[in-house]
Amino acid sequence: MAEAADFQGTSPSPARRWLRRTGAVLAGAPLLAGLVQLPAAPAADAAGQSSARQASGSRTVTVALDSLSPTAPTGGDTLTISGTVTNHGKQAVTDAHVDLRTGPEITTRSSIDSVAKRTGHSPGSDGTEVDDTYRQEFAKLTPGVAQRFSISVPVDELDLGDAGVYQLGVALSGETSAQPWDQVLGIQRTFLPWQPEEADTKTKTTFLWPLVSTAHMTAETGSNEQQTPVFRDDDLAKEIAPGGRLEQLVSLGRDLDVTWVIDPDLLASVDAMARGYRVQGEGDTTAPGTHQAAAKQWLANLQKAVADKEVVALPYADPDLASLAHNGTNVTGSLSRLKEATDVVANTVEPILHVKPNTDFAWPVDGAVDPSIVKVATSAGADKVIARSDSLEETGDLSYTPSAARPIGGGTTAVVADARLSTAFQGDLTKASVKTLSVQRFLAQSLALNLQTNQQRSIVVAPQRMPTASQAQAMAEAITALQTGGWSESQNLGAAAKAKPDPAATRKVPSASAYPSSLRKQELPRWAFEQIARTHVKLDSFRVILTDQSRVVTPFGRAINREMSSSWRGRAAEGQNYRDGVEDYLDGLAAGVTLIDKSETKLSGRSATIPVTVQNNLVQDVDHLVLRLTSTSPTRLEIVGKGYAEQPVTVSGGHSQSVKFATSANANGRVTVKAQLFTQDGKPYGPPVYFDVKVTEITATVMLVIGGGVLLLVLAGFRMYTQRKRAAAREAEEDIPDTADEPADGPENPEGSTDRLREESGPRHGAGDPEQPSDPGPDTPAESADPSATGERVDR
């Protein structure tokens with residue numbers, strides 16, 4: 001009887017109180033008889049430390065309610081309940097039957113929570129059997145074997161009173177060989193919302209229908225003209241396929257009066273799939289995606305579902321506002337990236353869905369807020385924050401749940417979703433019995449809320465961001481019942497935000513210390529935002545050299561947005577892998593524009609040109625680059641006379657370009673030269689290249705000696721040529737006598753012999769002698785005959 005006092009506001013009639021007391025006595029009689037016959041249970045049994053002992057008494061049999069129809073009955077309806085009973089005891093249950101029991105009316109929302117937590121049979125508070133006509137009997141329940149049941153009863157037989165929430169129990173009674181008397185061996189409680197006629201005042205209910213997923217696209221795109229996107233995996237295809245999570249949300253939401261809350265990144269990802277995509281494989285390989293048809297069908301169904309409905313668009317990739325507020329605001333550029341994620345929404349959602357989205361709302365994870373979260377949430381242009389009542393709690397003495405909207409200062413409106421209704425569909429709802437209890441509890445809370453006061457209020461329901469398919473099915477069932485239940489009417493989120501605020505409702509945003517520690521542990525750490533900032537800086541440095549920046553800036557910009565997504569909560573390792581992948585891929589692209597390493601270069605002579613080659617492995621041209629060549633020893637090797645020189649660089653995609661620099665050698669020896677690319681704003685681009693230049697300088701004195709020697713050789717040769725030409729001419733003109741008639745010259749004529757010898761030898765004299773300074777100069781200049789250099793060639 002003590003538990004009956006928990007039902008605040010209950011006022012049953014005297015006749016009903018007499019019936020309940022009588023039922024309690026009758027129900028307790030077998031239990032008292034058992035206590036007389038059995039010895040007292042030890043303390044360990046009372047504590048339930050043994051699983052065998054837990055499956056005893058009114059917990060011996062599990063009663064599961066797989067369906068309850070209609071979920072919110074009215075007068076004249078027939079209530080049908082079906083499910084299973086399973087004996088978890090060690091003994092068979094005989095003479096068993098399932099019956100229905102209506103408990104007292106529940107008038108407070110907290111009492112609904114208390115009833116939902118109770119287990120085991122509570123005589124007096126669980127009510128009495130409706131009628132033994134409406135029961136299903138079992139001859140025997142074998143241990144471990146589930147048996148189905150189904151009971152139908154006219155609602156008028158339930159003896160319900162005025163509109164309200166009533167406890168409904170489905171109990172299994174029977175006997176065991178150890179306890180051979182009829183007793184309740186198992187019971188399952190649920191709630192029956194009863195609104196026989198249309199309520200005079202209806203609650204305006206807004207139900208958010210979220211379409212949010214995890215990050216699927218990478219920053220990588222194909223090198224073709226279409227820039228085919230590359231996906232991390234093909235999991236998104238499973239979600240949009242028939243029966244998948246996202247397919248269920250679209251097909252179920254199409255017939256519901258809800259407000260769609262959509263992540264633009266999800267739309268962009270499915271749209272990219274529909275146009276053709278690739279999926280990452282092992283290593284650096286990718287394979288063609290094969291689910292274009294499913295993507296096109298999902299988008300077509302979504303377009304029909306949201307037609308004439310309110311669509312609220314989150315910032316691109318649903319950034320984690322709490323993580324940003326707590327760990328990212330001190331990292332340069334973090335807030336600007338949130339602004340970018342907001343600015344791209346309109347150009348993403350409307351072209352795909354053909355619906356203009358509402359971008360005035362920010363939605364922190366689980367609606368948990370503090371001053372820093374509100375400040376960040378509104379920094380990108382939103383002026384409404386979707387909070388939750390377990391964060392923005394009521395601190396006054398309100399006896400009812402106030403409307404959702406309330407001003408919190410600075411022109412910002414907090415739209416406070418009801419925590420009980422918003423969390424009604426969490427957990428594993430794949431079992432029909434669990435789903436049924438969730439739906440009935442949600443409807444009970446909604447009706448109890450409406451009965452609190454005659455004042456009309458606007459209530460918002462903000463469920464979990466990514467409901468499973470089974471959770472979505474439960475939500476759809478509850479919304480359908482709510483829209484026909486007679487105590488609620490639908491309203492979109494925009495209207496709820498504009499509703500007149502309750503003057504008594506709290507408007508104070510909780511302090512940072514009140515933020516749930518469980519949520520704080522899941523936040524992106526500061527170093528994650530630092531890595532994001534580093535990647536963004538690299539992107540800015542890379543983009544300035546591109547002739548078609550959109551091919552890189554757009555996919556990388558959206559990937560950076562995904563790095564801040566709230567979907568990484570609870571998936572820290574995956575988030576880190578994604579950020580690493582984006583940064584590594586960007587580094588690889590940037591390294592595609594680089595200087596080619598040079599070997600040692602040899603210079604012979606006073607001046608020469610040194611070529612440096614720039615390689616562009618990108619598919620597009622690069623421009624706005626400057627190549628600087630610097631000598632580490634200008635006294636030996638000057639470059640344009642001041643130690644370094646710069647030249648602009650433009651390289652076509654997939655090609656290389658050689659840039660030549662003029663040099664001047666002043667001394668022999670080895671000189672190290674540094675080649676470095678710069679952007680036009682003076683920032684270094686890529687790593688420098690160092691190479692050695694070996695200078696073999698030739699001094700002026702040596703050049704004069706060599707030049708003089710060459711000149712003498714030329715003059716001597718010219719003189720020999722002219723003398724021989726004159727001698728040949730004289731011999732042709734002279735008449736030479738026959739040597740047979742004239743006496744030969746001999747010792748008798750020494751003078752004539754001497755004169756002839758002198759005459760013949762005159763032209764030949766000096767032909768082989770060294771050149772003298774007094775020799776006449778040549779008629780033509782000497783030609784250069786420099787030796788060819790060894791090592792790397794340079795242009796002279």
# chains A, B, ... in the order shown; residues from 1 in each chain; ligands from 1
call {"tool": "residues_around", "arguments": {"residues": "region 409-420 of chain A", "least_positions_apart": "6", "cutoff": "8 Å", "atoms": "only C-alpha atoms", "output": "PyMOL selection string"}}
result
chain A and resi 367+378+383-390+392+403+442+445+459-462+496-497
call {"tool": "select_by_dssp", "arguments": {"residues": "region 343-564 of chain A", "states": "helix (DSSP H, G or I)", "output": "count of residues only"}}
result
102
call {"tool": "closest_residue", "arguments": {"among": "A:Ser114, A:Ser336, A:Thr401, A:Gln136", "to": "Gly381 (chain A)", "atoms": "only C-alpha atoms"}}
result
A:Ser336
call {"tool": "closest_residue", "arguments": {"among": "A:Thr84, A:Thr535, A:Thr201, A:Thr613", "to": "Leu451 (chain A)", "atoms": "only C-alpha atoms"}}
result
A:Thr201
call {"tool": "residues_around", "arguments": {"residues": "Thr436 (chain A)", "least_positions_apart": "5", "cutoff": "7 Å", "atoms": "only C-alpha atoms", "output": "compact mmCIF listing (two decimals) with C-alpha atoms, in the first residue's frame"}}
result
# COMPACT_ATOMS: atom_id res chain seq x y z
CA LEU A 65 3.93 -7.31 -24.81
CA ASP A 66 4.62 -7.44 -28.54
CA SER A 67 1.66 -5.32 -29.61
CA LEU A 68 -1.08 -3.17 -28.16
call {"tool": "atom_distance", "arguments": {"atom1": "CA of Pro210 (chain A)", "atom2": "CA of Lys304 (chain A)"}}
result
16.3 Å
call {"tool": "atom_distance", "arguments": {"atom1": "CA of Phe149 (chain A)", "atom2": "CA of Leu192 (chain A)"}}
result
19.1 Å
call {"tool": "closest_residue", "arguments": {"among": "A:Pro555, A:Pro467, A:Pro104, A:Gly120", "to": "Ala272 (chain A)", "atoms": "only C-alpha atoms"}}
result
A:Pro555
call {"tool": "atom_distance", "arguments": {"atom1": "CA of Ala146 (chain A)", "atom2": "CA of Val85 (chain A)"}}
result
5.5 Å
call {"tool": "residues_around", "arguments": {"residues": "region 519-526 of chain A", "least_positions_apart": "6", "cutoff": "6 Å", "atoms": "only C-alpha atoms", "output": "VMD selection string"}}
result
chain A and resid 323 327 to 328 569 to 570
call {"tool": "write_last_selection", "arguments": {"atoms": "C-alpha atoms", "output": "mmCIF file, in the first residue's frame"}}
result
data_model
loop_
_atom_site.group_PDB
_atom_site.id
_atom_site.type_symbol
_atom_site.label_atom_id
_atom_site.label_comp_id
_atom_site.auth_asym_id
_atom_site.auth_seq_id
_atom_site.Cartn_x
_atom_site.Cartn_y
_atom_site.Cartn_z
ATOM 1 C CA SER A 323 33.474 20.630 -28.705
ATOM 2 C CA ASN A 327 38.172 23.155 -27.025
ATOM 3 C CA GLY A 328 38.300 24.999 -30.319
ATOM 4 C CA ARG A 569 31.534 11.411 -30.664
ATOM 5 C CA GLY A 570 32.252 7.979 -29.293
#
call {"tool": "closest_residue", "arguments": {"among": "A:Ala317, A:Leu299, A:Ala495, A:Leu589", "to": "Trp568 (chain A)", "atoms": "only C-alpha atoms"}}
result
A:Ala317
call {"tool": "residues_around", "arguments": {"residues": "Asn454 (chain A)", "least_positions_apart": "3", "cutoff": "10 Å", "atoms": "only C-alpha atoms", "output": "JSON, numbers by chain"}}
result
{"A": [199, 200, 201, 202, 203, 450, 451, 457]}
call {"tool": "closest_residue", "arguments": {"among": "A:Ala559, A:Val374, A:Leu208, A:Leu185", "to": "Val509 (chain A)", "atoms": "only C-alpha atoms"}}
result
A:Val374
